[in-house]
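Shown below: my_file-v4.cif, with mmCIF, C-alpha atoms and all ligand atoms.
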```
data_target
#
loop_
_atom_site.label_atom_id
_atom_site.label_comp_id
_atom_site.auth_asym_id
_atom_site.auth_seq_id
_atom_site.Cartn_x
_atom_site.Cartn_y
_atom_site.Cartn_z
CA MET Y 1 -39.60 -21.56 -20.77
CA GLU Y 2 -38.46 -18.31 -19.16
CA ASP Y 3 -34.72 -17.69 -18.92
CA CYS Y 4 -33.12 -18.11 -15.52
CA LEU Y 5 -31.48 -15.20 -13.66
CA PHE Y 6 -27.98 -15.88 -14.96
CA CYS Y 7 -29.20 -16.41 -18.54
CA LYS Y 8 -30.79 -12.94 -18.29
CA ILE Y 9 -27.52 -11.51 -16.95
CA ILE Y 10 -25.57 -13.14 -19.80
CA LYS Y 11 -28.02 -11.62 -22.34
CA GLY Y 12 -27.67 -8.21 -20.67
CA GLU Y 13 -31.35 -8.14 -19.67
CA ILE Y 14 -30.34 -7.78 -16.02
CA PRO Y 15 -27.33 -5.55 -15.26
CA SER Y 16 -24.08 -6.98 -13.94
CA THR Y 17 -20.50 -5.84 -13.46
CA LYS Y 18 -18.69 -7.82 -16.14
CA VAL Y 19 -15.18 -9.01 -15.33
CA TYR Y 20 -14.53 -11.33 -18.28
CA GLU Y 21 -16.25 -12.76 -21.33
CA ASP Y 22 -15.35 -15.16 -24.11
CA GLU Y 23 -17.20 -17.50 -26.47
CA TYR Y 24 -18.09 -19.94 -23.69
CA VAL Y 25 -17.96 -18.05 -20.44
CA TYR Y 26 -19.31 -14.92 -18.75
CA ALA Y 27 -17.92 -13.69 -15.41
CA PHE Y 28 -19.28 -10.92 -13.20
CA LYS Y 29 -19.09 -9.59 -9.65
CA ASP Y 30 -21.27 -11.31 -7.06
CA ILE Y 31 -23.92 -8.91 -5.78
CA GLU Y 32 -23.29 -10.00 -2.16
CA PRO Y 33 -19.54 -10.48 -1.95
CA VAL Y 34 -18.18 -12.59 0.91
CA ALA Y 35 -14.60 -11.41 0.32
CA PRO Y 36 -12.84 -8.43 -1.30
CA ILE Y 37 -12.90 -10.34 -4.59
CA HIS Y 38 -15.97 -12.48 -5.30
CA ILE Y 39 -16.69 -13.27 -8.92
CA LEU Y 40 -19.17 -15.69 -10.47
CA VAL Y 41 -17.89 -17.59 -13.49
CA VAL Y 42 -20.70 -19.11 -15.53
CA PRO Y 43 -21.02 -20.96 -18.83
CA LYS Y 44 -23.10 -19.12 -21.44
CA LYS Y 45 -24.89 -22.41 -22.04
CA HIS Y 46 -27.67 -23.02 -19.51
CA ILE Y 47 -26.83 -26.06 -17.38
CA SER Y 48 -28.77 -26.15 -14.13
CA SER Y 49 -26.06 -27.66 -11.92
CA LEU Y 50 -22.86 -29.69 -11.95
CA ASN Y 51 -25.06 -32.79 -11.68
CA GLU Y 52 -26.44 -32.06 -15.12
CA ILE Y 53 -23.21 -31.94 -17.14
CA LYS Y 54 -22.96 -34.39 -20.04
CA GLU Y 55 -20.04 -35.91 -21.95
CA ASP Y 56 -20.52 -33.13 -24.52
CA ASP Y 57 -19.75 -30.56 -21.83
CA GLU Y 58 -16.20 -31.81 -21.14
CA VAL Y 59 -14.63 -29.07 -23.24
CA LEU Y 60 -16.87 -26.44 -21.68
CA ILE Y 61 -15.86 -27.43 -18.15
CA GLY Y 62 -12.22 -27.07 -19.20
CA LYS Y 63 -12.94 -23.66 -20.77
CA ILE Y 64 -14.53 -22.46 -17.53
CA HIS Y 65 -11.42 -23.42 -15.58
CA MET Y 66 -9.12 -21.83 -18.17
CA ALA Y 67 -11.20 -18.64 -17.81
CA ILE Y 68 -10.91 -18.76 -14.01
CA VAL Y 69 -7.11 -18.89 -14.26
CA LYS Y 70 -7.09 -16.06 -16.82
CA ILE Y 71 -9.21 -13.89 -14.54
CA ALA Y 72 -7.02 -14.72 -11.53
CA LYS Y 73 -3.91 -13.67 -13.46
CA GLU Y 74 -5.57 -10.50 -14.76
CA LEU Y 75 -6.59 -9.53 -11.23
CA GLY Y 76 -3.16 -10.46 -9.84
CA ILE Y 77 -4.57 -12.91 -7.31
CA ASP Y 78 -2.78 -15.91 -8.79
CA LYS Y 79 0.27 -15.49 -6.54
CA ASP Y 80 -1.47 -15.14 -3.18
CA GLY Y 81 -4.14 -17.64 -4.12
CA TYR Y 82 -7.85 -17.96 -4.41
CA ARG Y 83 -10.69 -20.38 -3.78
CA VAL Y 84 -13.05 -21.82 -6.41
CA ILE Y 85 -16.38 -23.11 -5.15
CA ASN Y 86 -19.27 -24.83 -6.85
CA ASN Y 87 -22.42 -25.31 -4.82
CA CYS Y 88 -24.34 -28.26 -6.21
CA GLY Y 89 -27.81 -28.84 -4.87
CA LYS Y 90 -29.75 -28.15 -1.70
CA ASN Y 91 -27.27 -29.19 0.98
CA ALA Y 92 -24.51 -27.15 -0.65
CA GLY Y 93 -26.79 -24.10 -0.65
CA GLN Y 94 -27.16 -23.70 -4.42
CA THR Y 95 -29.70 -20.89 -4.90
CA VAL Y 96 -29.36 -20.12 -8.62
CA LEU Y 97 -30.01 -23.09 -10.88
CA HIS Y 98 -27.47 -22.17 -13.56
CA LEU Y 99 -24.03 -23.76 -13.15
CA HIS Y 100 -21.59 -21.27 -11.65
CA PHE Y 101 -18.23 -21.21 -9.93
CA HIS Y 102 -17.46 -18.71 -7.17
CA LEU Y 103 -13.95 -17.24 -7.47
CA ILE Y 104 -13.08 -15.84 -4.06
CA ALA Y 105 -9.89 -14.02 -3.08
CA GLY Y 106 -8.29 -11.05 -1.40
CA VAL Y 107 -8.29 -12.50 2.10
CA ASN Y 108 -6.56 -15.40 3.83
CA MET Y 109 -9.29 -18.04 4.13
CA GLY Y 110 -7.20 -20.47 6.15
CA GLU Y 111 -7.40 -24.22 5.86
CA LYS Y 112 -11.00 -24.91 6.83
CA LEU Y 113 -13.45 -25.51 3.99
CA ILE Y 114 -16.61 -24.91 6.00
P1 LIG K 201 -25.21 -20.11 -5.03
O1 LIG K 201 -25.73 -19.89 -3.64
O2 LIG K 201 -23.97 -20.94 -5.11
O3 LIG K 201 -26.29 -20.58 -5.96
O4 LIG K 201 -24.72 -18.67 -5.53
C1 LIG K 201 -25.56 -17.73 -6.10
C2 LIG K 201 -24.85 -16.42 -5.98
O5 LIG K 201 -25.45 -15.52 -6.88
C3 LIG K 201 -24.90 -15.78 -4.58
O6 LIG K 201 -23.58 -15.60 -4.09
C4 LIG K 201 -25.61 -14.44 -4.85
O7 LIG K 201 -25.08 -13.38 -4.08
C5 LIG K 201 -25.36 -14.23 -6.33
N1 LIG K 201 -26.33 -13.39 -7.02
C6 LIG K 201 -27.69 -13.48 -6.96
N2 LIG K 201 -28.25 -12.56 -7.76
C7 LIG K 201 -27.23 -11.87 -8.35
C8 LIG K 201 -27.16 -10.79 -9.28
N3 LIG K 201 -28.26 -10.23 -9.79
N4 LIG K 201 -25.94 -10.33 -9.65
C9 LIG K 201 -24.83 -10.90 -9.13
N5 LIG K 201 -24.83 -11.93 -8.27
C10 LIG K 201 -26.01 -12.41 -7.87
ZN ZN K 202 -29.57 -20.11 -17.14
#
```
Whole structure given in structure tokens:
Amino acid sequence: MEDCLFCKIIKGEIPSTKVYEDEYVYAFKDIEPVAPIHILVVPKKHISSLNEIKEDDEVLIGKIHMAIVKIAKELGIDKDGYRVINNCGKNAGQTVLHLHFHLIAGVNMGEKLI
């Protein structure tokens, strides 16, 4: 089966602006940012959505969140704060079927979620 968009980005077959990478995780700038800082944090392993995680992925989910905090500290957004969003499925507006977390910052987003 053909690789998905984010698998191609992870392999370097489609260009991206890399922000962070480790054994488990690849993070890059969103092509259509909704805020001054908008980064996508994705596992290198292809998982199509949060619905599809298995017991075996428990460590990976932790690694993704550790990476998010590392990136936030590196960018200096940890003090003012940031939002982490996962869109899972149709009603959430998931458009790319490779698990990813949006890391959004650089603006006061207020209290409303939607
Ligand atoms: P979602 O709607 O949660 O599935 O998020 C998919 C995100 O991927 C959107 O915010 C898009 O702007 C972003 N996106 C799509 N193609 C690319 C690309 N080639 N490089 C970076 N971000 C992308
Ligand atoms: Zn993929």
**Prompt:** Mind listing the residues within 9 Å of ligand ZN 202 (chain K), all atoms listed in the file counted, as a PyMOL selection string?
**Reply:** chain Y and resi 3-10+43-48+96-99
Could I get the residues of chain Y with an atom no further than 12 Å from an atom of ligand LIG 201 (chain K), each paired with its nearest atom pair and that distance in Å to one decimal, using only C-alpha atoms and all ligand atoms, sorted by chain and residue number, as JSON lines?
```
{"residue": "Y:Cys4", "atom": "CA", "partner": "K:LIG201", "partner_atom": "N2", "distance": 10.7}
{"residue": "Y:Leu5", "atom": "CA", "partner": "K:LIG201", "partner_atom": "N3", "distance": 7.1}
{"residue": "Y:Phe6", "atom": "CA", "partner": "K:LIG201", "partner_atom": "N3", "distance": 7.7}
{"residue": "Y:Cys7", "atom": "CA", "partner": "K:LIG201", "partner_atom": "N3", "distance": 10.8}
{"residue": "Y:Lys8", "atom": "CA", "partner": "K:LIG201", "partner_atom": "N3", "distance": 9.3}
{"residue": "Y:Ile9", "atom": "CA", "partner": "K:LIG201", "partner_atom": "N3", "distance": 7.3}
{"residue": "Y:Ile10", "atom": "CA", "partner": "K:LIG201", "partner_atom": "N4", "distance": 10.5}
{"residue": "Y:Gly12", "atom": "CA", "partner": "K:LIG201", "partner_atom": "N3", "distance": 11.1}
{"residue": "Y:Glu13", "atom": "CA", "partner": "K:LIG201", "partner_atom": "N3", "distance": 10.6}
{"residue": "Y:Ile14", "atom": "CA", "partner": "K:LIG201", "partner_atom": "N3", "distance": 7.0}
{"residue": "Y:Pro15", "atom": "CA", "partner": "K:LIG201", "partner_atom": "N3", "distance": 7.3}
{"residue": "Y:Ser16", "atom": "CA", "partner": "K:LIG201", "partner_atom": "N4", "distance": 5.8}
{"residue": "Y:Thr17", "atom": "CA", "partner": "K:LIG201", "partner_atom": "C9", "distance": 7.9}
{"residue": "Y:Lys18", "atom": "CA", "partner": "K:LIG201", "partner_atom": "C9", "distance": 9.8}
{"residue": "Y:Val19", "atom": "CA", "partner": "K:LIG201", "partner_atom": "C9", "distance": 11.6}
{"residue": "Y:Tyr26", "atom": "CA", "partner": "K:LIG201", "partner_atom": "C9", "distance": 11.8}
{"residue": "Y:Ala27", "atom": "CA", "partner": "K:LIG201", "partner_atom": "C9", "distance": 9.7}
{"residue": "Y:Phe28", "atom": "CA", "partner": "K:LIG201", "partner_atom": "C9", "distance": 6.9}
{"residue": "Y:Lys29", "atom": "CA", "partner": "K:LIG201", "partner_atom": "C9", "distance": 5.9}
{"residue": "Y:Asp30", "atom": "CA", "partner": "K:LIG201", "partner_atom": "N5", "distance": 3.8}
{"residue": "Y:Ile31", "atom": "CA", "partner": "K:LIG201", "partner_atom": "C9", "distance": 4.0}
{"residue": "Y:Glu32", "atom": "CA", "partner": "K:LIG201", "partner_atom": "O7", "distance": 4.3}
{"residue": "Y:Pro33", "atom": "CA", "partner": "K:LIG201", "partner_atom": "O7", "distance": 6.6}
{"residue": "Y:Val34", "atom": "CA", "partner": "K:LIG201", "partner_atom": "O6", "distance": 8.0}
{"residue": "Y:Ala35", "atom": "CA", "partner": "K:LIG201", "partner_atom": "O6", "distance": 10.8}
{"residue": "Y:Ile37", "atom": "CA", "partner": "K:LIG201", "partner_atom": "O6", "distance": 11.9}
{"residue": "Y:His38", "atom": "CA", "partner": "K:LIG201", "partner_atom": "O6", "distance": 8.3}
{"residue": "Y:Ile39", "atom": "CA", "partner": "K:LIG201", "partner_atom": "N5", "distance": 8.3}
{"residue": "Y:Leu40", "atom": "CA", "partner": "K:LIG201", "partner_atom": "N5", "distance": 7.1}
{"residue": "Y:Val41", "atom": "CA", "partner": "K:LIG201", "partner_atom": "O5", "distance": 10.3}
{"residue": "Y:Val42", "atom": "CA", "partner": "K:LIG201", "partner_atom": "O5", "distance": 10.5}
{"residue": "Y:Ser48", "atom": "CA", "partner": "K:LIG201", "partner_atom": "O3", "distance": 10.2}
{"residue": "Y:Ser49", "atom": "CA", "partner": "K:LIG201", "partner_atom": "O3", "distance": 9.3}
{"residue": "Y:Leu50", "atom": "CA", "partner": "K:LIG201", "partner_atom": "O2", "distance": 11.2}
{"residue": "Y:Val84", "atom": "CA", "partner": "K:LIG201", "partner_atom": "O2", "distance": 11.0}
{"residue": "Y:Ile85", "atom": "CA", "partner": "K:LIG201", "partner_atom": "O2", "distance": 7.9}
{"residue": "Y:Asn86", "atom": "CA", "partner": "K:LIG201", "partner_atom": "O2", "distance": 6.3}
{"residue": "Y:Asn87", "atom": "CA", "partner": "K:LIG201", "partner_atom": "O2", "distance": 4.6}
{"residue": "Y:Cys88", "atom": "CA", "partner": "K:LIG201", "partner_atom": "O2", "distance": 7.4}
{"residue": "Y:Gly89", "atom": "CA", "partner": "K:LIG201", "partner_atom": "O3", "distance": 8.5}
{"residue": "Y:Lys90", "atom": "CA", "partner": "K:LIG201", "partner_atom": "O3", "distance": 9.4}
{"residue": "Y:Asn91", "atom": "CA", "partner": "K:LIG201", "partner_atom": "O1", "distance": 10.5}
{"residue": "Y:Ala92", "atom": "CA", "partner": "K:LIG201", "partner_atom": "O2", "distance": 7.7}
{"residue": "Y:Gly93", "atom": "CA", "partner": "K:LIG201", "partner_atom": "O1", "distance": 5.3}
{"residue": "Y:Gln94", "atom": "CA", "partner": "K:LIG201", "partner_atom": "O3", "distance": 3.6}
{"residue": "Y:Thr95", "atom": "CA", "partner": "K:LIG201", "partner_atom": "O3", "distance": 3.6}
{"residue": "Y:Val96", "atom": "CA", "partner": "K:LIG201", "partner_atom": "O3", "distance": 4.1}
{"residue": "Y:Leu97", "atom": "CA", "partner": "K:LIG201", "partner_atom": "O3", "distance": 6.7}
{"residue": "Y:His98", "atom": "CA", "partner": "K:LIG201", "partner_atom": "O3", "distance": 7.9}
{"residue": "Y:Leu99", "atom": "CA", "partner": "K:LIG201", "partner_atom": "O3", "distance": 8.2}
{"residue": "Y:His100", "atom": "CA", "partner": "K:LIG201", "partner_atom": "O2", "distance": 7.0}
{"residue": "Y:Phe101", "atom": "CA", "partner": "K:LIG201", "partner_atom": "O2", "distance": 7.5}
{"residue": "Y:His102", "atom": "CA", "partner": "K:LIG201", "partner_atom": "O2", "distance": 7.2}
{"residue": "Y:Leu103", "atom": "CA", "partner": "K:LIG201", "partner_atom": "O6", "distance": 10.3}
{"residue": "Y:Ile104", "atom": "CA", "partner": "K:LIG201", "partner_atom": "O6", "distance": 10.5}
```
Now that the selection is made, can you save its residues with C-alpha atoms as a JSON list (two decimals), in the coordinates of the input?
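And here's selection_9.json as it stands now:
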```json
[["chain", "number", "residue", "atom", "x", "y", "z"],
["Y", 4, "CYS", "CA", -33.12, -18.11, -15.52],
["Y", 5, "LEU", "CA", -31.48, -15.20, -13.66],
["Y", 6, "PHE", "CA", -27.98, -15.88, -14.96],
["Y", 7, "CYS", "CA", -29.20, -16.41, -18.54],
["Y", 8, "LYS", "CA", -30.79, -12.94, -18.29],
["Y", 9, "ILE", "CA", -27.52, -11.51, -16.95],
["Y", 10, "ILE", "CA", -25.57, -13.14, -19.80],
["Y", 12, "GLY", "CA", -27.67, -8.21, -20.67],
["Y", 13, "GLU", "CA", -31.35, -8.14, -19.67],
["Y", 14, "ILE", "CA", -30.34, -7.78, -16.02],
["Y", 15, "PRO", "CA", -27.33, -5.55, -15.26],
["Y", 16, "SER", "CA", -24.08, -6.98, -13.94],
["Y", 17, "THR", "CA", -20.50, -5.84, -13.46],
["Y", 18, "LYS", "CA", -18.69, -7.82, -16.14],
["Y", 19, "VAL", "CA", -15.18, -9.01, -15.33],
["Y", 26, "TYR", "CA", -19.31, -14.92, -18.75],
["Y", 27, "ALA", "CA", -17.92, -13.69, -15.41],
["Y", 28, "PHE", "CA", -19.28, -10.92, -13.20],
["Y", 29, "LYS", "CA", -19.09, -9.59, -9.65],
["Y", 30, "ASP", "CA", -21.27, -11.31, -7.06],
["Y", 31, "ILE", "CA", -23.92, -8.91, -5.78],
["Y", 32, "GLU", "CA", -23.29, -10.00, -2.16],
["Y", 33, "PRO", "CA", -19.54, -10.48, -1.95],
["Y", 34, "VAL", "CA", -18.18, -12.59, 0.91],
["Y", 35, "ALA", "CA", -14.60, -11.41, 0.32],
["Y", 37, "ILE", "CA", -12.90, -10.34, -4.59],
["Y", 38, "HIS", "CA", -15.97, -12.48, -5.30],
["Y", 39, "ILE", "CA", -16.69, -13.27, -8.92],
["Y", 40, "LEU", "CA", -19.17, -15.69, -10.47],
["Y", 41, "VAL", "CA", -17.89, -17.59, -13.49],
["Y", 42, "VAL", "CA", -20.70, -19.11, -15.53],
["Y", 48, "SER", "CA", -28.77, -26.15, -14.13],
["Y", 49, "SER", "CA", -26.06, -27.66, -11.92],
["Y", 50, "LEU", "CA", -22.86, -29.69, -11.95],
["Y", 84, "VAL", "CA", -13.05, -21.82, -6.41],
["Y", 85, "ILE", "CA", -16.38, -23.11, -5.15],
["Y", 86, "ASN", "CA", -19.27, -24.83, -6.85],
["Y", 87, "ASN", "CA", -22.42, -25.31, -4.82],
["Y", 88, "CYS", "CA", -24.34, -28.26, -6.21],
["Y", 89, "GLY", "CA", -27.81, -28.84, -4.87],
["Y", 90, "LYS", "CA", -29.75, -28.15, -1.70],
["Y", 91, "ASN", "CA", -27.27, -29.19, 0.98],
["Y", 92, "ALA", "CA", -24.51, -27.15, -0.65],
["Y", 93, "GLY", "CA", -26.79, -24.10, -0.65],
["Y", 94, "GLN", "CA", -27.16, -23.70, -4.42],
["Y", 95, "THR", "CA", -29.70, -20.89, -4.90],
["Y", 96, "VAL", "CA", -29.36, -20.12, -8.62],
["Y", 97, "LEU", "CA", -30.01, -23.09, -10.88],
["Y", 98, "HIS", "CA", -27.47, -22.17, -13.56],
["Y", 99, "LEU", "CA", -24.03, -23.76, -13.15],
["Y", 100, "HIS", "CA", -21.59, -21.27, -11.65],
["Y", 101, "PHE", "CA", -18.23, -21.21, -9.93],
["Y", 102, "HIS", "CA", -17.46, -18.71, -7.17],
["Y", 103, "LEU", "CA", -13.95, -17.24, -7.47],
["Y", 104, "ILE", "CA", -13.08, -15.84, -4.06]]
```
**Request:** Counting only C-alpha atoms, find the residues whose atoms lie at most 12 Å from (-8.2, -17.5, -17.2) (file coordinates) and write them out as a PyMOL selection string.
**Result:** chain Y and resi 19-22+25-27+41+62-78+103
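Taking atom CA of Gly81 of chain Y as the reference point, atom CA of Gly110 of chain Y is found at 11.1 Å.
Here atom CA of Met1 of chain Y is placed at a distance of 19.7 Å from atom CA of Ile53 of chain Y.
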**Asked** Of the candidates Y:Ala105, Y:Glu2, Y:Asp56, Y:Tyr24, which shows the shortest atom-to-atom distance to Arg83 of chain Y, using only C-alpha atoms?
**Response** Y:Ala105
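Note that atom CA of Leu60 of chain Y and atom CA of Glu23 of chain Y are 10.1 Å apart.
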